[in-house]
Each structure stands twice: as structure tokens, then as C-alpha cells.
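K.L.:
Below is coords.cif; it holds mmCIF, C-alpha atoms.
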data_target
#
loop_
_atom_site.group_PDB
_atom_site.id
_atom_site.type_symbol
_atom_site.label_atom_id
_atom_site.label_comp_id
_atom_site.auth_asym_id
_atom_site.auth_seq_id
_atom_site.Cartn_x
_atom_site.Cartn_y
_atom_site.Cartn_z
ATOM 1 C CA MET A 1 -1.413 -63.143 -10.981
ATOM 2 C CA ALA A 2 -2.561 -61.053 -8.003
ATOM 3 C CA ASP A 3 -5.148 -58.288 -8.479
ATOM 4 C CA SER A 4 -2.540 -55.610 -7.681
ATOM 5 C CA ASP A 5 -0.211 -56.999 -10.398
ATOM 6 C CA ALA A 6 -3.031 -57.030 -12.960
ATOM 7 C CA GLN A 7 -3.978 -53.458 -12.046
ATOM 8 C CA ARG A 8 -0.403 -52.217 -12.558
ATOM 9 C CA THR A 9 -0.166 -53.734 -16.035
ATOM 10 C CA LYS A 10 -3.680 -52.754 -17.169
ATOM 11 C CA PRO A 11 -3.543 -49.697 -19.435
ATOM 12 C CA ILE A 12 -5.422 -46.526 -18.577
ATOM 13 C CA ALA A 13 -8.462 -46.077 -20.827
ATOM 14 C CA VAL A 14 -11.779 -44.239 -20.936
ATOM 15 C CA GLY A 15 -13.754 -45.517 -17.950
ATOM 16 C CA SER A 16 -10.670 -46.218 -15.808
ATOM 17 C CA ARG A 17 -10.747 -45.041 -12.204
ATOM 18 C CA VAL A 18 -7.571 -43.006 -11.694
ATOM 19 C CA THR A 19 -5.649 -40.776 -9.324
ATOM 20 C CA VAL A 20 -4.338 -37.529 -10.821
ATOM 21 C CA ILE A 21 -0.619 -37.136 -10.123
ATOM 22 C CA ARG A 22 0.599 -33.596 -9.476
ATOM 23 C CA THR A 23 3.569 -32.692 -11.641
ATOM 24 C CA SER A 24 6.447 -30.472 -10.582
ATOM 25 C CA GLY A 25 5.225 -27.666 -12.847
ATOM 26 C CA SER A 26 1.638 -27.836 -11.615
ATOM 27 C CA ARG A 27 0.079 -24.656 -10.292
ATOM 28 C CA ALA A 28 -2.835 -26.499 -8.692
ATOM 29 C CA VAL A 29 -3.590 -25.444 -5.132
ATOM 30 C CA ASP A 30 -4.851 -28.913 -4.210
ATOM 31 C CA THR A 31 -2.250 -30.937 -2.351
ATOM 32 C CA GLU A 32 -4.430 -34.003 -1.796
ATOM 33 C CA PRO A 33 -4.583 -36.705 -4.473
ATOM 34 C CA GLN A 34 -7.591 -36.245 -6.759
ATOM 35 C CA VAL A 35 -9.544 -39.340 -7.822
ATOM 36 C CA GLY A 36 -11.966 -39.668 -10.720
ATOM 37 C CA ILE A 37 -12.849 -41.441 -13.946
ATOM 38 C CA VAL A 38 -11.230 -40.928 -17.355
ATOM 39 C CA VAL A 39 -13.930 -39.550 -19.680
ATOM 40 C CA GLU A 40 -11.835 -38.842 -22.793
ATOM 41 C CA ASP A 41 -8.493 -39.824 -24.301
ATOM 42 C CA TYR A 42 -7.129 -37.340 -26.841
ATOM 43 C CA VAL A 43 -4.286 -39.604 -27.999
ATOM 44 C CA ASP A 44 -5.174 -39.045 -31.676
ATOM 45 C CA ILE A 45 -4.628 -35.282 -31.439
ATOM 46 C CA VAL A 46 -1.690 -35.084 -29.018
ATOM 47 C CA ILE A 47 1.372 -33.462 -30.585
ATOM 48 C CA ASP A 48 4.845 -34.183 -29.237
ATOM 49 C CA ASN A 49 6.290 -31.105 -27.502
ATOM 50 C CA SER A 50 9.425 -31.312 -29.674
ATOM 51 C CA ASP A 51 7.206 -30.914 -32.751
ATOM 52 C CA LEU A 52 5.752 -27.736 -31.259
ATOM 53 C CA GLY A 53 9.141 -26.060 -30.895
ATOM 54 C CA ARG A 54 8.467 -25.221 -27.241
ATOM 55 C CA ASP A 55 8.495 -26.897 -23.853
ATOM 56 C CA TRP A 56 5.789 -24.845 -22.149
ATOM 57 C CA ALA A 57 2.023 -25.501 -22.238
ATOM 58 C CA PRO A 58 2.262 -29.252 -22.854
ATOM 59 C CA VAL A 59 -0.604 -30.937 -24.650
ATOM 60 C CA LEU A 60 -2.819 -32.738 -22.142
ATOM 61 C CA ARG A 61 -3.985 -36.188 -23.215
ATOM 62 C CA TRP A 62 -6.564 -37.180 -20.615
ATOM 63 C CA ALA A 63 -9.883 -35.618 -19.464
ATOM 64 C CA ILE A 64 -10.883 -36.775 -15.980
ATOM 65 C CA ALA A 65 -14.206 -36.238 -14.197
ATOM 66 C CA LEU A 66 -13.171 -35.954 -10.541
ATOM 67 C CA ASP A 67 -15.334 -37.355 -7.769
ATOM 68 C CA ASP A 68 -15.958 -33.785 -6.529
ATOM 69 C CA GLY A 69 -17.566 -32.834 -9.867
ATOM 70 C CA ARG A 70 -14.678 -30.956 -11.488
ATOM 71 C CA LEU A 71 -13.286 -31.749 -14.926
ATOM 72 C CA VAL A 72 -9.479 -31.715 -15.136
ATOM 73 C CA PHE A 73 -6.934 -32.562 -17.788
ATOM 74 C CA ALA A 74 -3.676 -34.474 -17.372
ATOM 75 C CA ALA A 75 -0.619 -35.100 -19.525
ATOM 76 C CA GLU A 76 0.722 -38.525 -20.440
ATOM 77 C CA GLY A 77 2.176 -39.969 -17.247
ATOM 78 C CA GLY A 78 -0.019 -37.726 -15.086
ATOM 79 C CA LEU A 79 -2.350 -40.507 -13.947
ATOM 80 C CA LYS A 80 -2.163 -43.795 -12.102
ATOM 81 C CA LEU A 81 -4.864 -46.411 -11.709
ATOM 82 C CA ALA A 82 -6.797 -45.921 -8.466
#
Render the structure in this file as C-alpha cells.

P.N.:
Amino acid sequence: MADSDAQRTKPIAVGSRVTVIRTSGSRAVDTEPQVGIVVEDYVDIVIDNSDLGRDWAPVLRWAIALDDGRLVFAAEGGLKLA
């Protein structure tokens, strides 16, 4: 298996180098992809939006320390391996 194939199938976990994907509802002013390292995975405390009775303010699963020093949070599906 090629390295690119292995990278696509490898799950994102704490310590993974990732690119933060902007979502359509994002209000971020950054238009460039943001790269960093996953520092926390809140999978154990994420609540499904349907259980919340609302579709706004989604629960964000991942904490990412960006290369520029900022800490950002991303929802499930909001990251890809860098």
C-alpha cells in the first residue's frame, strides 16, 4: 500500500497533523488552510445535534494547536490529515 493510501485510511487521533477544513457556516476570516496538531479529542462528551433539539452551535469534537500558535476547535468531519 502506498503512503498516500495509508494516510487516507489512518484515523485522526491526538497527535495527528491535520488541516482544518472550513465549513459553509464558518465565520472565520482566514481563507487559507490552517495546519496544526490535534491536542484533544472530546468524543466521549460530544452530543448528537438531534439530541440537543437544535441545529445551531454544533458541538466541536477536536481541539487543534495551529502552527501559528492559536488553539481552534473543529466538528466531526472538519479535519483532514495533513

K.L.:
Just the number, please: distance in Å from atom CA of A:Gly53 to atom CA of A:Phe73, one decimal.

P.N.:
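The value is 21.7 Å.
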
K.L.:
Between A:Ala63, A:Ile21, A:Ala13, A:Trp56, which residue has the minimum interatomic distance to A:Gly77, considering all atoms listed in the file?

P.N.:
A:Ile21

K.L.:
Could you tell me which of A:Gln34, A:Ala82, A:Ile12, A:Arg22 comes closest to A:Arg61 if we count only C-alpha atoms?

P.N.:
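Answer, going by the shortest atom-to-atom distance: A:Ile12.
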
K.L.:
Taking the file above as input, evaluate the PyMOL selection byres ((chain A and resi 74) around 8) and report the hits as a list in words.

P.N.:
Val20, Leu60, Arg61, Trp62, Ala63, Ile64, Val72, Phe73, Ala75, Glu76, Gly78 and Leu79 of chain A

K.L.:
Distance atom CA of A:Thr9-atom CA of A:Leu66, one decimal place?

P.N.:
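These atoms are spaced 22.7 Å apart.
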
K.L.:
Which residue is closest to A:Pro11? Choose from A:Gly69, A:Lys80, A:Asp44, A:Ile37 and count only C-alpha atoms.

P.N.:
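Answer, going by the shortest atom-to-atom distance: A:Lys80.
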
K.L.:
I'd like to know which of A:Val35, A:Leu71, A:Leu81, A:Ile45 is closest to A:Ser16, using only C-alpha atoms.

P.N.:
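When distances to A:Ser16 are compared using only C-alpha atoms, the smallest one comes from A:Leu81.
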
K.L.:
Taking all atoms of stretch 14-24 of chain A that the file lists, what box with edges along x, y and z, padded by 5 Å per side, do you get, with centre and edge lengths in Å to one decimal, as AutoDock Vina command-line options?

P.N.:
--center_x -3.7 --center_y -38.3 --center_z -15.1 --size_x 30.2 --size_y 25.7 --size_z 21.6

K.L.:
Between atom CA of A:Gly15 and atom CA of A:Val38, what is the spacing in Å?

P.N.:
5.3 Å
